[in-house]
file upload-v8.cif (mmCIF, C-alpha atoms and all ligand atoms)
data_model
loop_
_atom_site.label_atom_id
_atom_site.label_comp_id
_atom_site.auth_asym_id
_atom_site.auth_seq_id
_atom_site.Cartn_x
_atom_site.Cartn_y
_atom_site.Cartn_z
CA MET A 131 3.95 -29.77 1.85
CA LYS A 132 6.19 -32.58 0.71
CA ASP A 133 4.19 -32.84 -2.52
CA LEU A 134 4.28 -29.11 -3.35
CA ARG A 135 6.67 -28.80 -6.26
CA GLN A 136 6.98 -26.23 -9.06
CA ASN A 137 9.18 -26.40 -12.11
CA TYR A 138 10.38 -22.89 -12.98
CA THR A 139 10.13 -22.06 -16.65
CA LYS A 140 9.32 -18.35 -16.96
CA GLY A 141 12.72 -16.93 -17.81
CA GLU A 142 16.47 -17.09 -17.83
CA LEU A 143 19.36 -14.90 -16.81
CA VAL A 144 22.33 -15.08 -19.13
CA GLU A 145 25.54 -13.12 -19.06
CA ASN A 146 25.19 -11.48 -22.47
CA GLN A 147 21.74 -10.12 -21.63
CA ILE A 148 22.28 -8.64 -18.17
CA ALA A 149 23.09 -4.98 -17.54
CA ASP A 150 26.65 -4.00 -16.57
CA ASP A 151 25.23 -2.02 -13.70
CA PRO A 152 23.11 -3.82 -11.05
CA PHE A 153 20.88 -0.75 -10.62
CA ALA A 154 19.92 -0.90 -14.31
CA GLN A 155 19.25 -4.64 -13.90
CA PHE A 156 17.16 -3.95 -10.77
CA ASP A 157 15.23 -1.24 -12.58
CA GLN A 158 14.38 -3.65 -15.39
CA TRP A 159 13.23 -6.39 -12.99
CA PHE A 160 11.26 -3.89 -10.89
CA THR A 161 9.46 -2.74 -14.05
CA ASP A 162 8.71 -6.41 -14.81
CA ALA A 163 7.30 -6.81 -11.28
CA LEU A 164 5.11 -3.71 -11.77
CA ASN A 165 3.88 -4.95 -15.15
CA ALA A 166 3.12 -8.39 -13.69
CA GLU A 167 0.77 -6.59 -11.24
CA ILE A 168 2.00 -8.59 -8.27
CA LEU A 169 0.75 -7.38 -4.90
CA GLU A 170 3.18 -4.90 -3.32
CA PRO A 171 6.05 -5.23 -5.82
CA ASN A 172 8.11 -2.87 -3.62
CA ALA A 173 7.73 -5.08 -0.51
CA MET A 174 11.10 -6.42 0.61
CA ILE A 175 12.28 -8.51 3.53
CA LEU A 176 14.72 -6.45 5.58
CA SER A 177 17.05 -8.56 7.71
CA SER A 178 19.11 -6.90 10.40
CA VAL A 179 21.27 -8.06 13.28
CA ASP A 180 20.11 -7.94 16.90
CA ASN A 181 23.42 -8.33 18.74
CA ASN A 182 24.43 -11.61 17.10
CA LYS A 183 20.94 -12.79 16.23
CA PRO A 184 19.28 -12.29 12.85
CA ASP A 185 15.90 -10.55 12.66
CA SER A 186 13.59 -9.97 9.66
CA ARG A 187 10.44 -8.16 8.62
CA ILE A 188 8.87 -6.66 5.50
CA VAL A 189 9.26 -2.97 4.64
CA LEU A 190 8.44 -1.02 1.48
CA LEU A 191 11.09 0.29 -0.88
CA LYS A 192 10.30 3.96 -1.49
CA ASP A 193 13.21 5.16 -3.59
CA VAL A 194 16.39 4.10 -5.32
CA ARG A 195 18.65 7.12 -5.63
CA GLY A 196 22.38 7.76 -5.63
CA GLY A 197 23.12 4.03 -5.62
CA GLU A 198 21.07 3.47 -2.45
CA PHE A 199 17.77 1.75 -1.60
CA VAL A 200 15.53 3.84 0.68
CA PHE A 201 12.76 2.78 3.07
CA TYR A 202 11.00 4.55 5.94
CA THR A 203 10.36 3.45 9.49
CA ASN A 204 10.44 4.36 13.16
CA TYR A 205 14.05 4.88 14.29
CA ASP A 206 13.13 3.69 17.82
CA SER A 207 11.64 0.38 16.54
CA HIS A 208 13.51 -2.90 16.86
CA LYS A 209 14.84 -2.60 13.30
CA GLY A 210 15.67 1.09 13.79
CA GLN A 211 17.73 0.36 16.90
CA GLN A 212 19.35 -2.72 15.37
CA LEU A 213 20.45 -0.85 12.24
CA GLN A 214 21.86 2.03 14.28
CA ASN A 215 23.87 -0.46 16.38
CA ASN A 216 24.94 -2.59 13.40
CA PRO A 217 24.36 -1.24 9.88
CA ASN A 218 24.86 -4.63 8.18
CA CYS A 219 21.61 -5.71 6.55
CA THR A 220 20.02 -7.46 3.60
CA LEU A 221 16.99 -6.59 1.49
CA LEU A 222 15.23 -9.45 -0.27
CA PHE A 223 12.55 -9.08 -2.94
CA PRO A 224 10.54 -12.33 -3.23
CA TRP A 225 9.04 -11.93 -6.70
CA ILE A 226 7.79 -15.52 -6.72
CA ASN A 227 5.14 -14.98 -9.44
CA LEU A 228 8.03 -14.16 -11.76
CA GLU A 229 10.13 -17.03 -10.33
CA ARG A 230 12.66 -14.42 -9.21
CA GLN A 231 14.36 -13.10 -6.12
CA VAL A 232 16.81 -10.25 -5.64
CA ILE A 233 19.06 -10.09 -2.58
CA ILE A 234 20.84 -6.86 -1.69
CA ARG A 235 23.59 -6.90 0.96
CA GLY A 236 24.84 -3.62 2.33
CA HIS A 237 24.99 -1.02 5.07
CA ALA A 238 22.07 1.12 6.24
CA THR A 239 22.41 4.73 7.32
CA LYS A 240 19.79 7.33 8.26
CA ILE A 241 18.97 9.64 5.38
CA PRO A 242 19.12 13.45 5.85
CA THR A 243 16.22 14.80 7.94
CA ASN A 244 15.03 17.16 5.19
CA GLU A 245 14.63 14.21 2.80
CA SER A 246 12.54 12.31 5.40
CA GLU A 247 10.47 15.46 6.02
CA GLU A 248 9.78 15.90 2.34
CA TYR A 249 8.55 12.30 2.01
CA PHE A 250 6.56 12.47 5.29
CA LEU A 251 4.68 15.55 4.07
CA SER A 252 3.82 13.77 0.80
CA ARG A 253 2.04 10.93 2.67
CA PRO A 254 -1.72 10.81 3.32
CA LYS A 255 -2.73 12.52 6.59
CA SER A 256 -3.91 9.18 8.04
CA SER A 257 -0.42 7.72 7.60
CA GLN A 258 1.16 10.84 9.09
CA ILE A 259 -1.07 10.56 12.19
CA GLY A 260 -0.28 6.85 12.46
CA ALA A 261 3.44 7.63 12.65
CA TRP A 262 2.77 9.89 15.66
CA ALA A 263 0.24 7.55 17.32
CA SER A 264 2.23 4.31 17.44
CA ASN A 265 5.41 3.60 19.38
CA GLN A 266 6.43 0.91 16.92
CA SER A 267 7.74 -2.35 18.45
CA LYS A 268 6.82 -1.33 22.04
CA GLN A 269 4.40 -3.49 24.04
CA ILE A 270 0.85 -2.23 24.57
CA ASP A 271 -1.77 -3.68 26.89
CA SER A 272 -4.68 -3.76 24.43
CA ARG A 273 -6.07 -2.77 21.03
CA ILE A 274 -8.32 -0.25 22.83
CA THR A 275 -5.30 1.58 24.24
CA LEU A 276 -3.84 1.77 20.73
CA GLU A 277 -7.09 3.17 19.34
CA ASN A 278 -7.19 5.70 22.19
CA GLN A 279 -3.63 6.77 21.32
CA LEU A 280 -4.82 7.37 17.77
CA LYS A 281 -7.84 9.40 18.95
CA GLU A 282 -5.65 11.54 21.23
CA THR A 283 -3.22 12.17 18.38
CA GLN A 284 -6.06 13.11 16.01
CA GLU A 285 -7.44 15.57 18.59
CA LYS A 286 -4.01 17.02 19.33
CA PHE A 287 -3.31 17.70 15.65
CA ASN A 288 -6.89 18.66 14.78
CA ASN A 289 -6.55 21.25 11.99
CA LEU A 290 -2.86 21.73 12.71
CA PRO A 291 -0.39 20.95 9.95
CA LEU A 292 1.50 17.77 10.77
CA THR A 293 5.26 17.70 11.00
CA LYS A 294 7.50 14.65 10.89
CA PRO A 295 7.98 12.95 14.27
CA PRO A 296 11.66 13.15 15.28
CA HIS A 297 11.77 9.35 15.68
CA TRP A 298 10.51 8.66 12.14
CA GLY A 299 12.51 8.70 8.93
CA GLY A 300 14.33 6.88 6.19
CA PHE A 301 17.26 4.54 6.00
CA ALA A 302 19.34 4.22 2.83
CA VAL A 303 21.00 0.88 2.15
CA ASN A 304 24.30 1.21 0.32
CA PRO A 305 24.94 -2.19 -1.31
CA HIS A 306 28.19 -4.06 -1.83
CA GLU A 307 26.54 -7.18 -3.31
CA ILE A 308 23.36 -7.69 -5.32
CA GLU A 309 22.24 -11.14 -6.42
CA PHE A 310 19.63 -11.78 -9.13
CA TRP A 311 18.01 -15.24 -9.07
CA GLN A 312 15.86 -16.63 -11.85
CA GLY A 313 14.20 -20.02 -11.45
CA ARG A 314 14.99 -22.54 -14.18
CA PRO A 315 13.83 -26.08 -14.94
CA ASN A 316 15.22 -29.04 -12.99
CA ARG A 317 16.47 -26.79 -10.19
CA LEU A 318 19.31 -25.50 -12.40
CA HIS A 319 18.47 -21.92 -11.51
CA ASP A 320 20.39 -18.88 -12.74
CA ARG A 321 22.18 -16.84 -10.08
CA ILE A 322 24.15 -13.77 -11.10
CA LEU A 323 26.02 -11.96 -8.33
CA TYR A 324 27.21 -8.37 -8.71
CA THR A 325 30.04 -7.53 -6.30
CA LEU A 326 31.47 -4.05 -5.78
CA GLN A 327 35.26 -4.33 -6.19
CA ASN A 328 37.35 -1.13 -5.94
CA GLY A 329 34.37 0.94 -7.02
CA VAL A 330 33.52 -1.30 -10.00
CA TRP A 331 30.62 -3.77 -10.18
CA VAL A 332 31.89 -7.21 -11.19
CA THR A 333 29.57 -10.10 -12.08
CA SER A 334 29.95 -13.80 -11.39
CA ARG A 335 27.67 -16.83 -11.66
CA LEU A 336 26.80 -18.92 -8.61
CA GLN A 337 25.68 -22.55 -8.61
CA PRO A 338 22.03 -22.98 -7.74
C1 LIG A 401 3.51 -5.46 3.14
C2 LIG A 401 4.10 -4.83 4.37
C3 LIG A 401 4.73 -3.60 4.28
C4 LIG A 401 5.31 -3.00 5.39
N1 LIG A 401 5.97 -1.82 5.23
C5 LIG A 401 6.60 -1.25 6.30
C6 LIG A 401 7.41 -0.08 6.13
O1 LIG A 401 7.63 0.44 5.01
N2 LIG A 401 7.98 0.45 7.24
C7 LIG A 401 7.82 -0.10 8.49
O2 LIG A 401 8.36 0.43 9.46
N3 LIG A 401 7.09 -1.24 8.66
C8 LIG A 401 6.48 -1.83 7.61
N4 LIG A 401 5.75 -2.99 7.77
C9 LIG A 401 5.64 -3.56 9.14
C10 LIG A 401 6.94 -4.33 9.47
O3 LIG A 401 6.95 -5.58 8.79
C11 LIG A 401 7.13 -4.57 10.98
O4 LIG A 401 6.03 -5.25 11.53
C12 LIG A 401 7.32 -3.28 11.76
O5 LIG A 401 8.09 -2.35 11.04
C13 LIG A 401 7.99 -3.54 13.11
O6 LIG A 401 9.23 -4.17 12.88
P1 LIG A 401 10.37 -4.27 13.99
O7 LIG A 401 9.68 -4.48 15.32
O8 LIG A 401 11.25 -5.42 13.60
O9 LIG A 401 11.11 -2.96 13.99
C14 LIG A 401 5.21 -3.64 6.67
C15 LIG A 401 4.59 -4.89 6.75
C16 LIG A 401 4.05 -5.48 5.63
C17 LIG A 401 3.45 -6.86 5.75
#
call {"tool": "encode", "arguments": {"input": "upload-v8.cif", "output": "structure tokens"}}
result
Amino acid sequence: MKDLRQNYTKGELVENQIADDPFAQFDQWFTDALNAEILEPNAMILSSVDNNKPDSRIVLLKDVRGGEFVFYTNYDSHKGQQLQNNPNCTLLFPWINLERQVIIRGHATKIPTNESEEYFLSRPKSSQIGAWASNQSKQIDSRITLENQLKETQEKFNNLPLTKPPHWGGFAVNPHEIEFWQGRPNRLHDRILYTLQNGVWVTSRLQP
């Protein structure tokens, strides 16, 4: 590990080339991530707070709308409970192939039920059944029990149209800070931080 060392040379982030609005900048970098064909470009590390302890896991970004970043999960899961107790969270996109990361700091709130329903109904049936079959984050005694839960759910909903489970839905993260990081040679990386100040996004440069 000590000998693993990369020099970052793929790009730069300079003040006169960045967008005024962090959502436009995000959109541009997300398009770059799509074009680079990296695996799961919409995968992001969601960090939440469990009482005073940090907790993290990957979730998939499913929408950016109205200045908010939306993902879907089980509201009764660890993250679901944590975010309902303390909405402070971060989203981190580790686009390492592009020598980039984006960190979004904000507050998460549940999205309206009808919006979650609309997305749930657009998912493949296998994913819809999975949302009913698994009590995410709860202990289970074996893999077999989990597979039996799936079978029971499949039988229960056999030929019936599936509806969204009440415990499943989206969170929208409303950001107050978004940092764009571009790796540069000699560890002199570019870090541009957008901060929301009185309703206006202001940029500053951070030392690497
Ligand atoms: C690539 C990838 C994508 C994932 N996407 C989601 C997702 O969109 N929603 C979700 O609830 N879990 C997703 N997971 C699973 C979570 O990382 C996590 O294991 C699960 O949500 C339980 O987290 P919790 O116990 O902290 O609540 C994903 C995992 C990976 C590796």
call {"tool": "closest_residue", "arguments": {"input": "upload-v8.cif", "among": "A:Arg335, A:Lys132, A:Lys255, A:Arg314", "to": "Thr293 of chain A", "atoms": "only C-alpha atoms"}}
result
A:Lys255
call {"tool": "closest_atom_pairs", "arguments": {"input": "upload-v8.cif", "of": "chain A", "to": "ligand LIG 401 (chain A)", "cutoff": "6 Å", "atoms": "only C-alpha atoms and all ligand atoms", "output": "tab-separated table"}}
result
residue	atom	partner	partner_atom	distance
A:Ala173	CA	A:LIG401	C1	5.6
A:Arg187	CA	A:LIG401	O3	4.3
A:Ile188	CA	A:LIG401	O3	4.0
A:Val189	CA	A:LIG401	N1	3.5
A:Leu190	CA	A:LIG401	O1	3.9
A:Phe201	CA	A:LIG401	O1	6.0
A:Tyr202	CA	A:LIG401	N2	5.3
A:Thr203	CA	A:LIG401	O2	3.6
A:Asn204	CA	A:LIG401	O2	5.8
A:Ser207	CA	A:LIG401	O9	4.2
A:His208	CA	A:LIG401	O9	3.7
A:Lys209	CA	A:LIG401	O9	3.8
A:Ser267	CA	A:LIG401	O7	4.3
call {"tool": "atom_distance", "arguments": {"input": "upload-v8.cif", "atom1": "atom CA of Ala163 of chain A", "atom2": "atom CA of Thr220 of chain A"}}
result
19.6 Å
call {"tool": "axis_aligned_box", "arguments": {"input": "upload-v8.cif", "around": "segment 162-172 of chain A", "padding_each_side": "3 Å", "output": "lines of an AutoDock Vina configuration file"}}
result
center_x = 4.7
center_y = -5.7
center_z = -9.2
size_x = 14.0
size_y = 11.7
size_z = 17.8
call {"tool": "atom_distance", "arguments": {"input": "upload-v8.cif", "atom1": "atom CA of Asn137 of chain A", "atom2": "atom CA of Pro224 of chain A"}}
result
16.7 Å
call {"tool": "closest_residue", "arguments": {"input": "upload-v8.cif", "among": "A:Arg195, A:Lys281, A:His319, A:His297", "to": "Gly210 of chain A", "atoms": "only C-alpha atoms"}}
result
A:His297
call {"tool": "closest_residue", "arguments": {"input": "upload-v8.cif", "among": "A:Asp271, A:Glu167, A:Glu142, A:Glu245", "to": "Lys192 of chain A", "atoms": "all atoms listed in the file"}}
result
A:Glu245
call {"tool": "residues_around", "arguments": {"input": "upload-v8.cif", "residues": "Phe199 of chain A", "least_positions_apart": "3", "cutoff": "6 Å", "atoms": "all atoms listed in the file", "output": "ChimeraX atom specification"}}
result
/A:194,302-303
call {"tool": "atom_distance", "arguments": {"input": "upload-v8.cif", "atom1": "atom CA of Pro242 of chain A", "atom2": "atom CA of Gln211 of chain A"}}
result
17.2 Å
call {"tool": "residues_near_point", "arguments": {"input": "upload-v8.cif", "point": "(23.4, -13.2, 12.6)", "cutoff": "12 Å", "atoms": "only C-alpha atoms", "output": "list in words"}}
result
Ser177, Ser178, Val179, Asp180, Asn181, Asn182, Lys183, Pro184, Asp185, Ser186, Gln212, Asn216, Asn218, Cys219 and Thr220 of chain A
call {"tool": "closest_residue", "arguments": {"input": "upload-v8.cif", "among": "A:Ile274, A:His306, A:Glu198, A:Gln258", "to": "Ile241 of chain A", "atoms": "only C-alpha atoms"}}
result
A:Glu198
call {"tool": "closest_residue", "arguments": {"input": "upload-v8.cif", "among": "A:Arg235, A:Trp298, A:Leu191, A:Asn278", "to": "Trp262 of chain A", "atoms": "all atoms listed in the file"}}
result
A:Trp298
call {"tool": "build_atoms", "arguments": {"input": "upload-v8.cif", "residues": "segment 307-331 of chain A", "atoms": "N, CA and C atoms", "output": "compact mmCIF listing (two decimals), in the frame of the given file"}}
result
# COMPACT_ATOMS: atom_id res chain seq x y z
N GLU A 307 26.84 -5.98 -2.50
CA GLU A 307 26.54 -7.18 -3.31
C GLU A 307 25.07 -7.17 -3.68
N ILE A 308 24.76 -7.54 -4.91
CA ILE A 308 23.36 -7.69 -5.32
C ILE A 308 23.27 -8.96 -6.15
N GLU A 309 22.41 -9.88 -5.69
CA GLU A 309 22.24 -11.14 -6.42
C GLU A 309 20.87 -11.20 -7.09
N PHE A 310 20.87 -11.59 -8.37
CA PHE A 310 19.63 -11.78 -9.13
C PHE A 310 19.46 -13.28 -9.36
N TRP A 311 18.30 -13.79 -9.00
CA TRP A 311 18.01 -15.24 -9.07
C TRP A 311 16.80 -15.45 -9.96
N GLN A 312 16.98 -16.28 -10.95
CA GLN A 312 15.86 -16.63 -11.85
C GLN A 312 15.68 -18.14 -11.80
N GLY A 313 14.47 -18.58 -11.48
CA GLY A 313 14.20 -20.02 -11.45
C GLY A 313 14.29 -20.63 -12.83
N ARG A 314 14.84 -21.83 -12.91
CA ARG A 314 14.99 -22.54 -14.18
C ARG A 314 14.53 -23.98 -13.98
N PRO A 315 14.27 -24.69 -15.07
CA PRO A 315 13.83 -26.08 -14.94
C PRO A 315 14.87 -26.96 -14.23
N ASN A 316 14.36 -28.01 -13.62
CA ASN A 316 15.22 -29.04 -12.99
C ASN A 316 16.14 -28.48 -11.92
N ARG A 317 15.71 -27.40 -11.29
CA ARG A 317 16.47 -26.79 -10.19
C ARG A 317 17.84 -26.25 -10.61
N LEU A 318 18.04 -26.10 -11.93
CA LEU A 318 19.31 -25.50 -12.40
C LEU A 318 19.11 -24.00 -12.58
N HIS A 319 18.82 -23.35 -11.47
CA HIS A 319 18.47 -21.92 -11.51
C HIS A 319 19.67 -21.07 -11.90
N ASP A 320 19.35 -19.86 -12.42
CA ASP A 320 20.39 -18.88 -12.74
C ASP A 320 20.59 -17.96 -11.55
N ARG A 321 21.85 -17.77 -11.16
CA ARG A 321 22.18 -16.84 -10.08
C ARG A 321 23.35 -15.98 -10.55
N ILE A 322 23.08 -14.69 -10.71
CA ILE A 322 24.15 -13.77 -11.10
C ILE A 322 24.39 -12.82 -9.93
N LEU A 323 25.64 -12.80 -9.48
CA LEU A 323 26.02 -11.96 -8.33
C LEU A 323 26.86 -10.78 -8.81
N TYR A 324 26.41 -9.58 -8.47
CA TYR A 324 27.21 -8.37 -8.71
C TYR A 324 27.93 -8.04 -7.40
N THR A 325 29.25 -7.87 -7.48
CA THR A 325 30.04 -7.53 -6.30
C THR A 325 30.78 -6.22 -6.59
N LEU A 326 30.77 -5.33 -5.60
CA LEU A 326 31.47 -4.05 -5.78
C LEU A 326 32.94 -4.25 -5.43
N GLN A 327 33.82 -4.13 -6.42
CA GLN A 327 35.26 -4.33 -6.19
C GLN A 327 36.01 -3.08 -6.64
N ASN A 328 36.62 -2.39 -5.67
CA ASN A 328 37.35 -1.13 -5.94
C ASN A 328 36.49 -0.16 -6.77
N GLY A 329 35.24 -0.04 -6.37
CA GLY A 329 34.37 0.94 -7.02
C GLY A 329 33.77 0.47 -8.34
N VAL A 330 34.05 -0.79 -8.73
CA VAL A 330 33.52 -1.30 -10.00
C VAL A 330 32.66 -2.54 -9.71
N TRP A 331 31.49 -2.60 -10.36
CA TRP A 331 30.62 -3.77 -10.18
C TRP A 331 31.10 -4.90 -11.09
